[in-house]
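Worksheet for the structure shown next.
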Amino acid sequence: MTRLLDSPPSLGALPHVTAEFISVIDRAALVGRGGAAFPTAVKWRAVAQRSRGNAVVVVNGAEGEPKSLKDRLLMTTRPHLILDGAVIAARVLRAHRVILYLGERHDAARAAMHNALTQRSEPECRVVSVAAAPARYVAGAEGAAIHFLNAGVATPTTIPPFAFEKGVSGAPTLVQNVETLARIALIARGMPADSVLVTLAGGVARPGVFELPTGTTIGEAVRRAGGMPETPRAILVGGYFGSWMRPEEAMPLPLDHRAHLGCGVIGVLPSSRCPVCETAGIMRYLASESSAQCGPCFFGLRALADACTRIAEAASDGHDINRLQRWAADVAGRGACKHPDGAVKFLSSALEVFATEFAHHSHAMRLIA
Amino acid sequence: MKERVSLVVDRIRCDGRGVCAELLPELIRLDDWGYPILTPGPVPDQLLALARRAVDDCPVMALAMRQSYRRQ
């Protein structure tokens, strides 16, 4: 048994773990499943080196990515695996606090996590507290989670300091996605971490969460979701922080770091949908989710979304594609967090994959009218 | 090893007043919304005095100089 979703609800007593366990995580090549795919062992080592018995473990179940459902499903159906991972992290990192940071609207997930917690008897579970993550896109980002837990505001802060240096209450802090922690529960019991949770969305017959062996192709994932009833125009790999890809490029990609899987959302855009309108809608969403702290993000994303919308509505003066390219280059890398970078990467992939549609959109719209 | 400094901006503090770009146009330009875009890399020696002035004169203390080291 190597999978999360078909393992029993509880795997029983926790195995003994020491600081050496970080090397085990290293050998398992586990990477974070919140979206950044950062090597988990590196993150743990940084906290372990600084912990004087005062580290904090934040269990990240914010899941703010609109199309992602996998963290919620895991919290609802396998909460004990996540708590296993949290307790192991607390032991290895010598933490004195564990905080469950759970999306405020994920009611079933929160109820399941609460209920599972009451069934636990480890001493670490007595230092667990629960916090409700605001339902905003950036609230699940590491810096935003720490800011919320320290000051009640779920917006990113200037880095450095990093979480492992100065996180919750100024202590070395590990913020770890719930799926990553559940995989820790398996690794600690000698099981391999050789599958990923993905959410299939859009033009597939059976959208939802699937657990697939690492290395399964996107094409196979789509088949598992019942295939595509309609010819696809493009595949969005990695959710709103990911990239549009041509179907023939996306389908053979394996589900691992090579696919830049991000949070694991694979969205299929059917040919009948307008890619420019779709892109404009997502850009408007990302602009509205800026935490309005950094000028280039707040003003830049709004300008980019407005220009996309003008093109989509055939109201462009003809210079908007040039503006999009110039502004995208200007905005990248100029926020305190990665929100503007993700939005610009998403947009740049749209401009590339949908170059024809962007160029001819106003013409096509006039024909329809 | 020679000590070098580069400019960094705290994006959350920055209000886009634009003083830095006026004082140091050699290294700082403004985007369409008035926020600074910094030329990456160390500050050349002949611009150090102007860079310090730009840092000191930032009205919201968003601009700073950070030490960086580069092998000579």
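Please note that chains go A, B, ... in the order of the structure tokens, that every chain numbers its residues from 1, and that ligands are numbered from 1 in the order shown.
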If you run DSSP on the backbone here, which positions in segment 15-186 of chain A get alpha helix (DSSP H)? Please write them as a ChimeraX atom specification. /A:21-27,40-50,70-77,79-92,107-118,142-151,178-186
Can you tell me, as a list of chain:residue names, what residues are no more than 6 Å from Ile37 of chain B when counting only C-alpha atoms, ignoring any on the same chain fewer than 6 positions away? B:Ile28, B:Arg29, B:Leu30
Take the residues from that selection and put them in a file with N, CA and C atoms, as a PDB file, in the first residue's frame.
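Below is the file selection_16.pdb, written as the result:
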ATOM      1  N   ILE B  28      17.916  53.869 -11.682  1.00  0.00           N
ATOM      2  CA  ILE B  28      16.511  53.668 -11.304  1.00  0.00           C
ATOM      3  C   ILE B  28      15.607  54.366 -12.308  1.00  0.00           C
ATOM      4  N   ARG B  29      14.653  53.595 -12.879  1.00  0.00           N
ATOM      5  CA  ARG B  29      13.608  54.213 -13.694  1.00  0.00           C
ATOM      6  C   ARG B  29      12.270  53.872 -13.065  1.00  0.00           C
ATOM      7  N   LEU B  30      11.236  54.572 -13.506  1.00  0.00           N
ATOM      8  CA  LEU B  30       9.913  54.319 -12.926  1.00  0.00           C
ATOM      9  C   LEU B  30       9.042  53.556 -13.920  1.00  0.00           C
TER      10      LEU B  30
END
Applying 8 Å and only C-alpha atoms, which residues near Pro39 of chain A remain after dropping the ones on its own chain fewer than 3 positions away? List them as a list in words.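 Contacts, with the query itself left out: Asp26, Ala29, Leu30, Val31, Gly32, Val42 and Lys43 of chain A.
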How about saving the chosen residues, C-alpha atoms kept, as an mmCIF file, in the first residue's frame?
data_model
loop_
_atom_site.group_PDB
_atom_site.id
_atom_site.type_symbol
_atom_site.label_atom_id
_atom_site.label_comp_id
_atom_site.auth_asym_id
_atom_site.auth_seq_id
_atom_site.Cartn_x
_atom_site.Cartn_y
_atom_site.Cartn_z
ATOM 1 C CA ASP A 26 15.907 13.531 1.647
ATOM 2 C CA ALA A 29 13.119 13.091 -2.607
ATOM 3 C CA LEU A 30 9.917 14.526 -1.164
ATOM 4 C CA VAL A 31 9.013 18.017 -2.367
ATOM 5 C CA GLY A 32 6.341 20.366 -1.041
ATOM 6 C CA VAL A 42 15.981 21.316 3.083
ATOM 7 C CA LYS A 43 13.091 23.108 4.745
#
Could you pull out the strand (DSSP E or B) residues of segment 12-244 of chain A from DSSP and send them as a PyMOL selection string? chain A and resi 31+39+55-61+95-103+128-133+173-177+195-202+208-213+217+232-237+243-244
Using only C-alpha atoms, find which residues of chain A lie within 8 Å of chain B and jot them down as a ChimeraX atom specification. /A:157-158,293-296,299-300,330,334-336
Nearest-residue call for Val60 of chain B, choices B:Pro40, B:Arg17, B:Pro25, B:Gln46, using only C-alpha atoms: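 Once distances to Val60 of chain B are computed over only C-alpha atoms, the minimum belongs to B:Arg17.
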Leaving out Ile321 of chain A and any residue of its chain fewer than 2 positions from it, which residues lie within 10 Å of it when counting only C-alpha atoms, given as a PyMOL selection string? chain A and resi 304+307-308+311+316-319+323-327+351+355+358-359
Atom pair atom CA of Leu24 of chain B / atom CA of Asn322 of chain A: separation (Å): 27.7 Å
Point-to-point distance from atom CA of Asp107 of chain A to atom CA of Thr76 of chain A, Å rounded to tenths: 9.2 Å
Considering only C-alpha atoms, state which residue in the set B:Leu27, B:Val5, B:Leu47, B:Cys20 is at the smallest distance from Met61 of chain B.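 Closest residue, counting only C-alpha atoms: B:Cys20.
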